[in-house]
$ cat protein-v4.cif   # mmCIF, C-alpha atoms
data_start
loop_
_atom_site.label_atom_id
_atom_site.label_comp_id
_atom_site.auth_asym_id
_atom_site.auth_seq_id
_atom_site.Cartn_x
_atom_site.Cartn_y
_atom_site.Cartn_z
CA MET A 1 -38.50 77.67 12.91
CA SER A 2 -39.70 74.28 14.15
CA LEU A 3 -43.37 73.34 13.99
CA LEU A 4 -42.99 71.23 17.12
CA ASN A 5 -44.22 72.18 20.55
CA ARG A 6 -41.15 73.54 22.37
CA GLU A 7 -41.37 71.05 25.24
CA VAL A 8 -41.68 68.12 22.82
CA GLU A 9 -38.82 69.40 20.67
CA GLY A 10 -36.63 69.84 23.72
CA SER A 11 -37.39 66.32 24.91
CA LEU A 12 -36.61 64.42 21.72
CA ASP A 13 -32.88 64.02 22.24
CA SER A 14 -33.26 62.96 25.88
CA ALA A 15 -36.27 60.74 25.18
CA SER A 16 -36.21 57.04 25.37
CA TRP A 17 -32.76 55.56 25.36
CA ILE A 18 -34.60 52.25 25.61
CA ARG A 19 -36.27 52.57 22.22
CA ARG A 20 -33.11 54.01 20.70
CA MET A 21 -31.11 50.93 21.71
CA PHE A 22 -33.91 48.60 20.64
CA GLU A 23 -33.84 50.17 17.18
CA GLU A 24 -30.05 49.83 17.14
CA GLY A 25 -30.58 46.14 17.86
CA ASN A 26 -32.76 45.81 14.78
CA ARG A 27 -29.99 47.39 12.69
CA LEU A 28 -27.35 45.06 14.12
CA ARG A 29 -29.53 41.98 13.61
CA ALA A 30 -29.99 42.87 9.96
CA GLN A 31 -26.21 43.22 9.61
CA PHE A 32 -24.89 40.35 11.74
CA GLY A 33 -27.85 37.97 12.22
CA ASP A 34 -30.05 37.35 15.26
CA GLU A 35 -27.68 34.85 16.81
CA ASN A 36 -24.85 37.39 16.96
CA VAL A 37 -26.75 40.18 18.74
CA TYR A 38 -27.40 40.17 22.50
CA ASP A 39 -30.27 42.55 23.09
CA PHE A 40 -30.97 43.40 26.74
CA SER A 41 -32.39 46.83 25.95
CA LEU A 42 -36.17 46.56 26.02
CA GLY A 43 -38.35 45.18 28.80
CA ASN A 44 -40.36 43.24 26.24
CA PRO A 45 -41.79 40.01 27.73
CA HIS A 46 -40.50 37.07 25.69
CA LEU A 47 -42.69 34.47 27.39
CA GLU A 48 -45.99 33.60 25.76
CA PRO A 49 -49.26 34.20 27.65
CA PRO A 50 -50.40 31.35 29.91
CA ALA A 51 -52.91 28.75 28.77
CA GLU A 52 -55.71 30.30 30.86
CA PHE A 53 -55.57 33.49 28.81
CA VAL A 54 -55.21 31.70 25.47
CA ASP A 55 -58.19 29.46 26.25
CA ALA A 56 -60.31 32.43 27.36
CA LEU A 57 -59.44 34.40 24.24
CA ARG A 58 -60.19 31.46 21.98
CA GLU A 59 -63.59 30.97 23.61
CA LEU A 60 -64.43 34.67 23.33
CA ALA A 61 -63.36 34.79 19.70
CA THR A 62 -65.31 31.73 18.62
CA HIS A 63 -68.38 32.25 20.81
CA PRO A 64 -68.63 36.01 21.28
CA ALA A 65 -71.45 37.56 23.25
CA LYS A 66 -73.68 39.75 21.14
CA GLY A 67 -72.37 43.31 20.95
CA VAL A 68 -69.01 42.52 22.55
CA HIS A 69 -67.14 44.73 20.06
CA ARG A 70 -69.35 47.79 20.52
CA TYR A 71 -68.89 50.76 22.83
CA MET A 72 -69.33 50.01 26.50
CA PRO A 73 -69.38 52.21 29.61
CA ASN A 74 -66.14 54.18 29.52
CA PRO A 75 -64.69 52.64 32.70
CA GLY A 76 -65.15 49.14 31.27
CA PHE A 77 -67.43 46.14 31.49
CA THR A 78 -69.09 45.94 34.89
CA GLU A 79 -68.36 42.24 35.32
CA VAL A 80 -64.68 42.79 34.54
CA ARG A 81 -64.37 45.66 37.01
CA GLU A 82 -66.13 43.63 39.68
CA ALA A 83 -63.79 40.66 39.18
CA ILE A 84 -60.62 42.80 39.21
CA GLY A 85 -61.78 44.81 42.22
CA LYS A 86 -62.34 41.63 44.25
CA TRP A 87 -59.09 40.01 43.09
CA TYR A 88 -56.98 43.08 43.80
CA GLY A 89 -58.83 43.86 47.03
CA ASP A 90 -58.19 40.34 48.32
CA ARG A 91 -54.46 40.86 47.79
CA GLU A 92 -54.54 44.25 49.54
CA GLY A 93 -56.90 43.30 52.34
CA VAL A 94 -59.29 46.11 51.36
CA LYS A 95 -62.79 45.85 49.93
CA ILE A 96 -62.82 47.77 46.65
CA PRO A 97 -66.23 48.68 45.19
CA THR A 98 -66.78 47.89 41.53
CA GLU A 99 -67.38 51.57 40.75
CA HIS A 100 -63.87 52.34 42.05
CA VAL A 101 -62.27 50.27 39.27
CA VAL A 102 -61.50 51.80 35.87
CA MET A 103 -60.17 49.72 32.99
CA THR A 104 -57.48 51.51 31.00
CA CYS A 105 -55.20 51.27 27.98
CA GLY A 106 -52.26 49.88 29.92
CA ALA A 107 -50.72 51.20 33.11
CA ALA A 108 -49.19 54.09 31.16
CA GLY A 109 -52.63 55.21 30.03
CA ALA A 110 -53.87 54.97 33.61
CA ILE A 111 -51.01 57.11 34.98
CA ASN A 112 -51.59 59.79 32.36
CA VAL A 113 -55.32 59.83 33.07
CA ALA A 114 -54.72 60.08 36.82
CA MET A 115 -52.25 62.93 36.38
CA ARG A 116 -54.50 64.82 33.99
CA THR A 117 -57.39 64.49 36.41
CA LEU A 118 -55.56 65.49 39.58
CA LEU A 119 -52.66 67.82 38.72
CA GLU A 120 -52.81 71.57 38.37
CA ALA A 121 -50.12 73.35 36.39
CA GLY A 122 -46.96 73.47 38.48
CA ASP A 123 -47.99 70.81 40.98
CA GLU A 124 -45.04 68.66 41.96
CA VAL A 125 -44.85 64.89 41.48
CA VAL A 126 -42.24 63.06 43.55
CA LEU A 127 -40.30 60.44 41.57
CA PHE A 128 -37.77 58.11 43.19
CA VAL A 129 -34.44 57.88 41.36
CA PRO A 130 -33.66 55.80 39.38
CA ILE A 131 -36.98 56.27 37.62
CA PHE A 132 -38.81 54.52 34.82
CA ALA A 133 -37.65 56.68 31.92
CA GLU A 134 -41.09 57.76 30.71
CA TYR A 135 -42.39 59.08 34.04
CA ARG A 136 -40.83 62.51 33.53
CA PHE A 137 -42.65 62.90 30.22
CA TYR A 138 -45.98 61.80 31.68
CA VAL A 139 -45.59 64.56 34.26
CA MET A 140 -44.58 67.08 31.57
CA HIS A 141 -47.57 66.25 29.38
CA GLN A 142 -49.96 66.69 32.29
CA ARG A 143 -48.55 70.12 33.30
CA GLY A 144 -46.78 68.98 36.46
CA THR A 145 -43.23 69.41 37.71
CA CYS A 146 -40.94 66.52 38.63
CA ARG A 147 -39.32 66.44 42.06
CA PHE A 148 -36.57 63.79 41.97
CA VAL A 149 -35.68 62.06 45.24
CA GLU A 150 -32.63 59.81 45.33
CA THR A 151 -32.94 56.31 46.79
CA ASP A 152 -30.22 54.78 48.97
CA ASP A 153 -27.37 52.47 47.92
CA GLU A 154 -29.75 49.50 47.94
CA PHE A 155 -32.32 51.46 45.89
CA ASN A 156 -34.71 51.64 48.82
CA ILE A 157 -36.75 54.80 49.50
CA ASP A 158 -34.91 57.20 51.78
CA LEU A 159 -37.66 58.63 53.97
CA ASN A 160 -35.47 61.45 55.27
CA ARG A 161 -34.77 62.67 51.75
CA LEU A 162 -38.46 62.36 50.94
CA ALA A 163 -39.42 64.41 54.01
CA GLU A 164 -37.04 67.16 52.88
CA ALA A 165 -38.45 67.13 49.34
CA ILE A 166 -42.16 67.36 50.20
CA ASN A 167 -43.48 70.92 50.26
CA PRO A 168 -46.81 72.76 49.83
CA ARG A 169 -46.67 72.21 46.05
CA THR A 170 -46.34 68.42 46.39
CA ARG A 171 -49.48 66.90 44.93
CA MET A 172 -48.51 63.34 44.09
CA VAL A 173 -45.95 60.66 44.96
CA LEU A 174 -45.43 57.91 42.38
CA ILE A 175 -43.87 54.62 43.42
CA ASN A 176 -43.01 51.55 41.38
CA SER A 177 -42.47 48.26 43.21
CA PRO A 178 -41.13 45.87 41.95
CA ASN A 179 -39.08 48.60 40.39
CA ASN A 180 -38.02 49.30 36.85
CA PRO A 181 -35.00 49.57 36.40
CA THR A 182 -33.63 48.08 39.66
CA GLY A 183 -35.92 45.15 40.46
CA ARG A 184 -36.20 46.48 44.03
CA VAL A 185 -39.26 45.50 46.07
CA TYR A 186 -39.86 48.05 48.81
CA PRO A 187 -40.05 46.29 52.20
CA GLU A 188 -43.10 46.56 54.42
CA GLN A 189 -41.40 48.85 56.94
CA THR A 190 -40.58 51.28 54.12
CA ILE A 191 -44.18 51.26 52.88
CA ILE A 192 -45.56 51.84 56.37
CA GLY A 193 -43.06 54.66 56.97
CA LEU A 194 -43.91 56.22 53.60
CA CYS A 195 -47.63 56.18 54.32
CA LYS A 196 -47.15 57.61 57.82
CA LEU A 197 -45.02 60.42 56.39
CA LEU A 198 -47.63 61.24 53.73
CA GLU A 199 -50.36 61.33 56.37
CA GLU A 200 -48.33 63.80 58.43
CA LYS A 201 -47.46 66.02 55.48
CA SER A 202 -51.03 65.98 54.17
CA LYS A 203 -52.26 67.26 57.53
CA GLU A 204 -49.48 69.86 57.67
CA PHE A 205 -50.30 71.29 54.23
CA GLY A 206 -54.08 70.96 54.48
CA ARG A 207 -54.64 68.78 51.40
CA PRO A 208 -54.04 65.11 50.65
CA ILE A 209 -50.84 64.10 48.92
CA ILE A 210 -51.93 61.46 46.44
CA LEU A 211 -49.98 58.20 46.39
CA VAL A 212 -49.99 56.47 43.00
CA THR A 213 -48.55 52.98 42.96
CA ASP A 214 -47.51 51.63 39.55
CA GLU A 215 -47.16 47.87 39.85
CA PRO A 216 -47.21 45.95 36.55
CA TYR A 217 -44.46 43.66 37.91
CA ARG A 218 -46.30 42.81 41.13
CA SER A 219 -46.56 39.10 40.33
CA LEU A 220 -42.94 38.85 39.14
CA VAL A 221 -41.12 38.36 42.44
CA TYR A 222 -38.56 35.79 43.52
CA ASP A 223 -37.11 33.97 46.52
CA GLY A 224 -40.28 34.19 48.59
CA VAL A 225 -40.41 37.98 48.48
CA THR A 226 -43.89 39.52 48.65
CA VAL A 227 -45.11 42.96 47.64
CA SER A 228 -46.41 44.79 50.70
CA PRO A 229 -49.98 46.09 50.49
CA ILE A 230 -50.36 49.87 50.51
CA MET A 231 -54.08 50.55 50.69
CA PRO A 232 -54.48 49.38 54.31
CA HIS A 233 -52.04 52.13 55.32
CA TYR A 234 -53.10 55.17 53.28
CA SER A 235 -56.49 56.19 51.95
CA ALA A 236 -55.38 58.72 49.31
CA THR A 237 -54.04 55.88 47.16
CA ILE A 238 -54.65 55.00 43.53
CA GLY A 239 -53.42 51.55 42.54
CA ILE A 240 -52.40 51.16 38.91
CA SER A 241 -51.30 48.07 37.06
CA SER A 242 -51.52 46.18 33.80
CA PHE A 243 -51.37 42.67 32.43
CA SER A 244 -48.37 43.47 30.24
CA LYS A 245 -45.89 41.52 32.36
CA ASP A 246 -47.71 38.89 34.41
CA LEU A 247 -49.72 37.65 31.40
CA GLY A 248 -47.18 38.72 28.75
CA LEU A 249 -49.64 41.08 27.04
CA ALA A 250 -47.52 44.22 26.56
CA GLY A 251 -48.82 44.78 23.04
CA GLU A 252 -52.49 44.50 24.02
CA ARG A 253 -52.42 47.69 26.15
CA ILE A 254 -54.71 46.46 28.89
CA GLY A 255 -54.52 47.87 32.40
CA TYR A 256 -56.60 49.24 35.25
CA MET A 257 -56.69 51.69 38.11
CA LEU A 258 -58.33 51.29 41.49
CA VAL A 259 -59.29 54.15 43.76
CA HIS A 260 -59.12 53.47 47.49
CA PRO A 261 -62.65 53.05 48.94
CA ASP A 262 -61.99 55.94 51.37
CA PHE A 263 -60.23 58.20 48.87
CA PRO A 264 -61.01 61.89 49.55
CA GLU A 265 -63.92 63.12 47.40
CA ALA A 266 -63.94 59.70 45.74
CA SER A 267 -67.09 60.13 43.66
CA GLU A 268 -65.89 63.38 42.09
CA VAL A 269 -62.42 61.97 41.50
CA LEU A 270 -63.90 58.94 39.76
CA ARG A 271 -66.07 61.14 37.58
CA GLY A 272 -62.96 63.10 36.66
CA LEU A 273 -60.97 59.96 35.86
CA VAL A 274 -63.65 58.63 33.54
CA PHE A 275 -64.05 62.04 31.87
CA CYS A 276 -60.31 62.24 31.18
CA LEU A 277 -60.14 58.63 30.03
CA ARG A 278 -62.77 59.44 27.42
CA THR A 279 -61.67 62.89 26.34
CA MET A 280 -57.95 62.11 26.16
CA GLY A 281 -58.92 59.76 23.37
CA PHE A 282 -58.59 56.41 25.12
CA VAL A 283 -62.43 56.12 25.26
CA ASN A 284 -62.27 52.66 26.83
CA ALA A 285 -59.90 49.75 27.24
CA PRO A 286 -59.91 47.04 24.51
CA ALA A 287 -63.17 45.13 24.79
CA ILE A 288 -62.40 41.49 24.14
CA ILE A 289 -59.10 41.65 26.03
CA GLN A 290 -60.92 43.01 29.09
CA LEU A 291 -63.11 39.93 29.12
CA ALA A 292 -60.18 37.58 28.53
CA VAL A 293 -58.04 38.93 31.38
CA ALA A 294 -61.01 38.78 33.76
CA LYS A 295 -61.07 35.02 33.12
CA SER A 296 -57.30 34.77 33.71
CA LEU A 297 -56.87 36.53 37.06
CA GLY A 298 -54.14 34.90 39.12
CA ALA A 299 -52.57 33.16 36.13
CA THR A 300 -49.05 34.19 35.13
CA VAL A 301 -46.33 33.43 32.64
CA ASP A 302 -43.62 31.03 33.81
CA ILE A 303 -42.04 33.16 36.54
CA ASP A 304 -39.42 30.48 37.19
CA ALA A 305 -38.04 31.12 33.71
CA TYR A 306 -37.41 34.75 34.63
CA LYS A 307 -35.81 33.66 37.91
CA ARG A 308 -33.46 31.30 36.10
CA ASN A 309 -32.48 34.11 33.73
CA ARG A 310 -31.91 36.48 36.63
CA ASP A 311 -29.72 34.02 38.49
CA ARG A 312 -27.62 33.06 35.46
CA LEU A 313 -26.97 36.60 34.28
CA TYR A 314 -26.44 37.98 37.80
CA ASP A 315 -24.00 35.21 38.78
CA ALA A 316 -22.05 35.54 35.53
CA LEU A 317 -21.70 39.32 35.71
CA VAL A 318 -20.81 39.38 39.41
CA SER A 319 -18.13 36.76 38.75
CA LEU A 320 -16.75 39.08 36.05
CA GLY A 321 -16.48 41.90 38.55
CA LEU A 322 -19.64 43.97 38.13
CA GLU A 323 -21.32 45.37 41.23
CA ILE A 324 -25.05 44.60 41.27
CA VAL A 325 -27.80 44.85 43.86
CA LYS A 326 -29.61 41.55 43.30
CA PRO A 327 -33.15 42.27 42.11
CA GLU A 328 -36.09 40.81 44.03
CA GLY A 329 -38.61 41.24 41.23
CA ALA A 330 -39.35 42.47 37.68
CA PHE A 331 -36.87 41.36 34.98
CA TYR A 332 -33.98 43.82 35.09
CA LEU A 333 -30.44 44.02 36.41
CA PHE A 334 -29.04 47.48 37.19
CA PRO A 335 -25.25 47.01 37.48
CA LYS A 336 -22.86 49.78 38.38
CA SER A 337 -20.85 50.82 35.34
CA PRO A 338 -17.12 50.04 35.61
CA LEU A 339 -16.56 53.30 33.73
CA ALA A 340 -17.52 56.63 35.26
CA ASP A 341 -19.26 57.42 31.97
CA ASP A 342 -22.13 54.94 31.68
CA VAL A 343 -22.87 56.00 28.09
CA ALA A 344 -19.26 55.17 27.15
CA PHE A 345 -19.67 51.75 28.76
CA VAL A 346 -22.90 51.15 26.83
CA LYS A 347 -21.05 51.99 23.61
CA LEU A 348 -18.23 49.63 24.56
CA LEU A 349 -20.73 46.83 25.08
CA GLN A 350 -22.35 47.75 21.78
CA SER A 351 -19.02 47.17 20.03
CA GLU A 352 -19.50 43.49 20.95
CA ARG A 353 -23.16 43.69 19.92
CA ILE A 354 -24.47 43.72 23.51
CA LEU A 355 -27.33 46.19 23.83
CA SER A 356 -28.05 47.84 27.16
CA VAL A 357 -29.42 51.16 28.37
CA PRO A 358 -27.35 53.76 30.24
CA GLY A 359 -28.37 54.71 33.75
CA ALA A 360 -28.56 58.32 32.56
CA GLY A 361 -31.80 57.34 30.84
CA PHE A 362 -33.25 56.56 34.27
CA ALA A 363 -31.86 59.71 35.93
CA ARG A 364 -29.10 57.67 37.65
CA PRO A 365 -25.81 57.99 35.70
CA GLY A 366 -23.07 55.50 36.50
CA TYR A 367 -25.22 52.41 35.99
CA ILE A 368 -26.66 50.43 33.09
CA ARG A 369 -29.91 48.50 32.75
CA LEU A 370 -30.09 44.99 31.34
CA SER A 371 -33.45 43.33 30.67
CA TYR A 372 -33.31 39.57 31.11
CA ALA A 373 -36.69 39.10 29.44
CA VAL A 374 -34.85 37.15 26.74
CA GLU A 375 -34.37 33.56 25.70
CA ALA A 376 -31.92 31.73 27.98
CA ASP A 377 -29.53 31.04 25.11
CA VAL A 378 -29.12 34.79 24.53
CA ILE A 379 -27.68 35.04 28.04
CA GLU A 380 -25.38 32.07 27.50
CA ARG A 381 -24.05 33.39 24.20
CA SER A 382 -23.57 36.87 25.62
CA ILE A 383 -21.35 35.90 28.55
CA PRO A 384 -18.11 35.52 26.54
CA GLN A 385 -18.85 38.91 24.96
CA PHE A 386 -19.33 40.53 28.37
CA GLU A 387 -16.07 38.94 29.49
CA LYS A 388 -14.23 40.30 26.47
CA VAL A 389 -15.48 43.84 27.15
CA LEU A 390 -14.80 43.77 30.89
CA GLN A 391 -11.30 42.37 30.43
CA SER A 392 -10.53 45.27 28.09
CA ILE A 393 -11.18 47.84 30.86
CA PRO A 394 -8.15 48.73 32.97
CA ARG A 395 -8.74 48.02 36.66
#

$ encode --input "protein-v4.cif" --output "structure tokens"
Amino acid sequence: MSLLNREVEGSLDSASWIRRMFEEGNRLRAQFGDENVYDFSLGNPHLEPPAEFVDALRELATHPAKGVHRYMPNPGFTEVREAIGKWYGDREGVKIPTEHVVMTCGAAGAINVAMRTLLEAGDEVVLFVPIFAEYRFYVMHQRGTCRFVETDDEFNIDLNRLAEAINPRTRMVLINSPNNPTGRVYPEQTIIGLCKLLEEKSKEFGRPIILVTDEPYRSLVYDGVTVSPIMPHYSATIGISSFSKDLGLAGERIGYMLVHPDFPEASEVLRGLVFCLRTMGFVNAPAIIQLAVAKSLGATVDIDAYKRNRDRLYDALVSLGLEIVKPEGAFYLFPKSPLADDVAFVKLLQSERILSVPGAGFARPGYIRLSYAVEADVIERSIPQFEKVLQSIPR
């Protein structure tokens, strides 16, 4: 008899394809050498943090304020929260009070804290397919139930499908734009329609449906695309993000959440968020990194490098016959698999030491995900290998 919790035990085999392929990459590199492995499995930023962050961190490390490494208020340093609230509020066109900002251990920590605070057992969380693979487990851990809603052929939110899915048990809708795994940025008309629908359904069911927006890729957009603000359109919104992608700090686990200034029962919700942040064991976000990111707001890694990678890999794979919706942001391609069985296609690519993740891992079989957060030469060296695989498939 297993010692594991039954839900955890039952999730292990279906859990992260991403990490599984990343670990396979380590095995292949040890066997064949780095230069002969083409690893597109993990969304692991390869660009170094910008100079603004490095300079801020150096200054804080060499001239630290007294007590900087001690405990602080659980939601974070006041000056950091004030700076992030103003910066984020300026982008949204909403004034966000400092007390409505909570610093967290990454966006993932923030989502788990929000769900623990606001979900009752059995409450439904709407997730738009394809989903970031870990969302379903966040919901499971916080006692909720996933309600999957398919997006359209362009990976945009289908508001009719959403309207059919929402019911009296719907407590939360989680959106991710720019999206992982598709790179889709939801257009303004979709956001406005989404918020209008949630307002109507909230009134119908007599309680607010909470909109959580997970946006760590917000600054990684291309071709003049902008991410549409949400808070001006819907008050029951919690904005969540991190500095993992725009500053290249995935390993530092630094993020934040912002509660709309007119959020229902805002003071009690904030008390609950801080309580759960503390008692779930996060306690507070990393101290010195909080201070460093506050001095780096608006800075980013070299986004043009990601755009060049996107364009090169997209153009090459489309020319080889793959069907791909061109991503507008983030650093992923989500091509349609030329085989009905996406796992079989992933294994075929793996035979040429190309590592990808099957769409099944994102609840959308028939596709694969490729992360182009890699050095440009990895893409160049991989193209003949892609060609070899694709030419081997009968058309």

$ atom_distance --input "protein-v4.cif" --atom1 "atom CA of A:Lys307" --atom2 "atom CA of A:Thr104"
28.9 Å

$ closest_residue --input "protein-v4.cif" --among "A:Gln385, A:Ser267, A:Ser242, A:Thr190" --to "A:Cys105" --atoms "only C-alpha atoms"
A:Ser242

$ residues_around --input "protein-v4.cif" --residues "stretch 191-196 of chain A" --least-positions-apart "2" --cutoff "8 Å" --atoms "all atoms listed in the file" --output "list in words"
Leu159, Tyr186, Pro187, Glu188, Gln189, Leu198, Glu199, Glu200, Ser228, Ile230, His233 and Tyr234 of chain A

$ residues_around --input "protein-v4.cif" --residues "stretch 311-323 of chain A" --least-positions-apart "6" --cutoff "7 Å" --atoms "all atoms listed in the file" --output "PyMOL selection string"
chain A and resi 335-336+379+387

$ write_last_selection --input "protein-v4.cif" --atoms "C-alpha atoms" --output "tab-separated table (two decimals), keeping the file's coordinate frame"
chain	number	residue	atom	x	y	z
A	335	PRO	CA	-25.25	47.01	37.48
A	336	LYS	CA	-22.86	49.78	38.38
A	379	ILE	CA	-27.68	35.04	28.04
A	387	GLU	CA	-16.07	38.94	29.49

$ closest_residue --input "protein-v4.cif" --among "A:Leu118, A:Lys66, A:Val37, A:Glu24" --to "A:Glu268" --atoms "only C-alpha atoms"
A:Leu118

$ residues_around --input "protein-v4.cif" --residues "A:Ser244" --least-positions-apart "4" --cutoff "8 Å" --atoms "all atoms listed in the file" --output "PyMOL selection string"
chain A and resi 45+106+216+248-255

$ residues_around --input "protein-v4.cif" --residues "A:Pro97" --least-positions-apart "6" --cutoff "8 Å" --atoms "all atoms listed in the file" --output "list in words"
Glu82, Gly85 and Pro261 of chain A

$ residues_around --input "protein-v4.cif" --residues "A:Phe334" --least-positions-apart "2" --cutoff "6 Å" --atoms "all atoms listed in the file" --output "VMD selection string"
chain A and resid 182 368 to 369

$ resolve_selection --input "protein-v4.cif" --expression "the PyMOL selection byres ((chain A and resi 343) around 10)" --output "count of residues only"
21

$ resolve_selection --input "protein-v4.cif" --expression "the PyMOL selection byres ((chain A and resi 56-61) around 12)" --output "CSV table (one decimal) with C-alpha atoms, keeping the file's coordinate frame"
chain,number,residue,atom,x,y,z
A,49,PRO,CA,-49.3,34.2,27.6
A,50,PRO,CA,-50.4,31.4,29.9
A,51,ALA,CA,-52.9,28.8,28.8
A,52,GLU,CA,-55.7,30.3,30.9
A,53,PHE,CA,-55.6,33.5,28.8
A,54,VAL,CA,-55.2,31.7,25.5
A,55,ASP,CA,-58.2,29.5,26.2
A,62,THR,CA,-65.3,31.7,18.6
A,63,HIS,CA,-68.4,32.2,20.8
A,64,PRO,CA,-68.6,36.0,21.3
A,65,ALA,CA,-71.4,37.6,23.2
A,66,LYS,CA,-73.7,39.8,21.1
A,67,GLY,CA,-72.4,43.3,21.0
A,68,VAL,CA,-69.0,42.5,22.6
A,69,HIS,CA,-67.1,44.7,20.1
A,287,ALA,CA,-63.2,45.1,24.8
A,288,ILE,CA,-62.4,41.5,24.1
A,289,ILE,CA,-59.1,41.6,26.0
A,290,GLN,CA,-60.9,43.0,29.1
A,291,LEU,CA,-63.1,39.9,29.1
A,292,ALA,CA,-60.2,37.6,28.5
A,293,VAL,CA,-58.0,38.9,31.4
A,294,ALA,CA,-61.0,38.8,33.8
A,295,LYS,CA,-61.1,35.0,33.1
A,296,SER,CA,-57.3,34.8,33.7
A,297,LEU,CA,-56.9,36.5,37.1
A,299,ALA,CA,-52.6,33.2,36.1

$ closest_residue --input "protein-v4.cif" --among "A:Leu390, A:Val173, A:Ile166, A:Val225" --to "A:Glu204" --atoms "only C-alpha atoms"
A:Ile166

$ atom_distance --input "protein-v4.cif" --atom1 "atom CA of A:Val94" --atom2 "atom CA of A:Pro286"
26.9 Å

$ closest_residue --input "protein-v4.cif" --among "A:Gly183, A:Phe128, A:Thr226, A:Ala110" --to "A:Ala285" --atoms "all atoms listed in the file"
A:Ala110

$ resolve_selection --input "protein-v4.cif" --expression "the PyMOL selection byres ((chain A and resi 284) around 9)" --output "list in words"
Tyr71, Met72, Pro73, Asn74, Pro75, Gly76, Met103, Thr104, Cys105, Leu277, Arg278, Gly281, Phe282, Val283, Ala285, Pro286 and Ala287 of chain A

$ closest_residue --input "protein-v4.cif" --among "A:Arg6, A:Arg20, A:Arg207, A:Arg184" --to "A:Asp153" --atoms "only C-alpha atoms"
A:Arg184

$ residues_near_point --input "protein-v4.cif" --point "(-55.8, 60.2, 52.0)" --cutoff "9 Å" --atoms "only C-alpha atoms" --output "PyMOL selection string"
chain A and resi 198-199+202+207-211+234-237+260+262-264

$ closest_residue --input "protein-v4.cif" --among "A:Arg116, A:Arg308, A:His141, A:Arg91" --to "A:Leu273" --atoms "all atoms listed in the file"
A:Arg116

$ residues_near_point --input "protein-v4.cif" --point "(-22.1, 45.4, 16.2)" --cutoff "9 Å" --atoms "only C-alpha atoms" --output "number ranges by chain"
A: 25, 27-29, 31-32, 36-37, 350-354

$ atom_distance --input "protein-v4.cif" --atom1 "atom CA of A:Arg136" --atom2 "atom CA of A:Ile84"
28.5 Å

$ decode --input "protein-v4.cif" --residues "stretch 339-379 of chain A" --atoms "C-alpha atoms" --output "mmCIF file, in the first residue's frame"
data_model
loop_
_atom_site.group_PDB
_atom_site.id
_atom_site.type_symbol
_atom_site.label_atom_id
_atom_site.label_comp_id
_atom_site.auth_asym_id
_atom_site.auth_seq_id
_atom_site.Cartn_x
_atom_site.Cartn_y
_atom_site.Cartn_z
ATOM 1 C CA LEU A 339 0.922 12.695 -36.699
ATOM 2 C CA ALA A 340 -2.444 12.183 -35.035
ATOM 3 C CA ASP A 341 -0.540 10.922 -31.994
ATOM 4 C CA ASP A 342 1.427 13.906 -30.681
ATOM 5 C CA VAL A 343 3.339 11.733 -28.202
ATOM 6 C CA ALA A 344 4.523 9.545 -31.101
ATOM 7 C CA PHE A 345 5.687 12.670 -32.937
ATOM 8 C CA VAL A 346 7.571 13.863 -29.851
ATOM 9 C CA LYS A 347 9.310 10.476 -29.697
ATOM 10 C CA LEU A 348 10.169 10.700 -33.392
ATOM 11 C CA LEU A 349 11.752 14.102 -32.831
ATOM 12 C CA GLN A 350 13.566 12.686 -29.826
ATOM 13 C CA SER A 351 15.177 10.069 -32.069
ATOM 14 C CA GLU A 352 17.016 13.004 -33.692
ATOM 15 C CA ARG A 353 17.716 14.491 -30.251
ATOM 16 C CA ILE A 354 15.095 17.248 -30.595
ATOM 17 C CA LEU A 355 13.239 17.696 -27.322
ATOM 18 C CA SER A 356 9.694 19.029 -27.314
ATOM 19 C CA VAL A 357 6.574 18.589 -25.204
ATOM 20 C CA PRO A 358 3.389 16.894 -26.443
ATOM 21 C CA GLY A 359 0.200 18.905 -26.577
ATOM 22 C CA ALA A 360 -1.385 16.264 -24.350
ATOM 23 C CA GLY A 361 0.607 17.795 -21.502
ATOM 24 C CA PHE A 362 -1.340 21.020 -22.039
ATOM 25 C CA ALA A 363 -4.731 19.292 -22.398
ATOM 26 C CA ARG A 364 -4.657 19.793 -26.204
ATOM 27 C CA PRO A 365 -3.515 16.573 -27.938
ATOM 28 C CA GLY A 366 -2.469 16.828 -31.572
ATOM 29 C CA TYR A 367 0.060 19.611 -31.015
ATOM 30 C CA ILE A 368 3.560 20.001 -29.604
ATOM 31 C CA ARG A 369 5.192 22.864 -27.720
ATOM 32 C CA LEU A 370 8.621 24.218 -28.584
ATOM 33 C CA SER A 371 10.314 26.806 -26.365
ATOM 34 C CA TYR A 372 12.550 29.149 -28.339
ATOM 35 C CA ALA A 373 14.170 30.499 -25.170
ATOM 36 C CA VAL A 374 17.429 29.028 -26.460
ATOM 37 C CA GLU A 375 20.625 30.248 -28.041
ATOM 38 C CA ALA A 376 20.158 31.124 -31.719
ATOM 39 C CA ASP A 377 22.676 28.506 -32.822
ATOM 40 C CA VAL A 378 20.537 25.760 -31.250
ATOM 41 C CA ILE A 379 17.766 26.712 -33.670
#
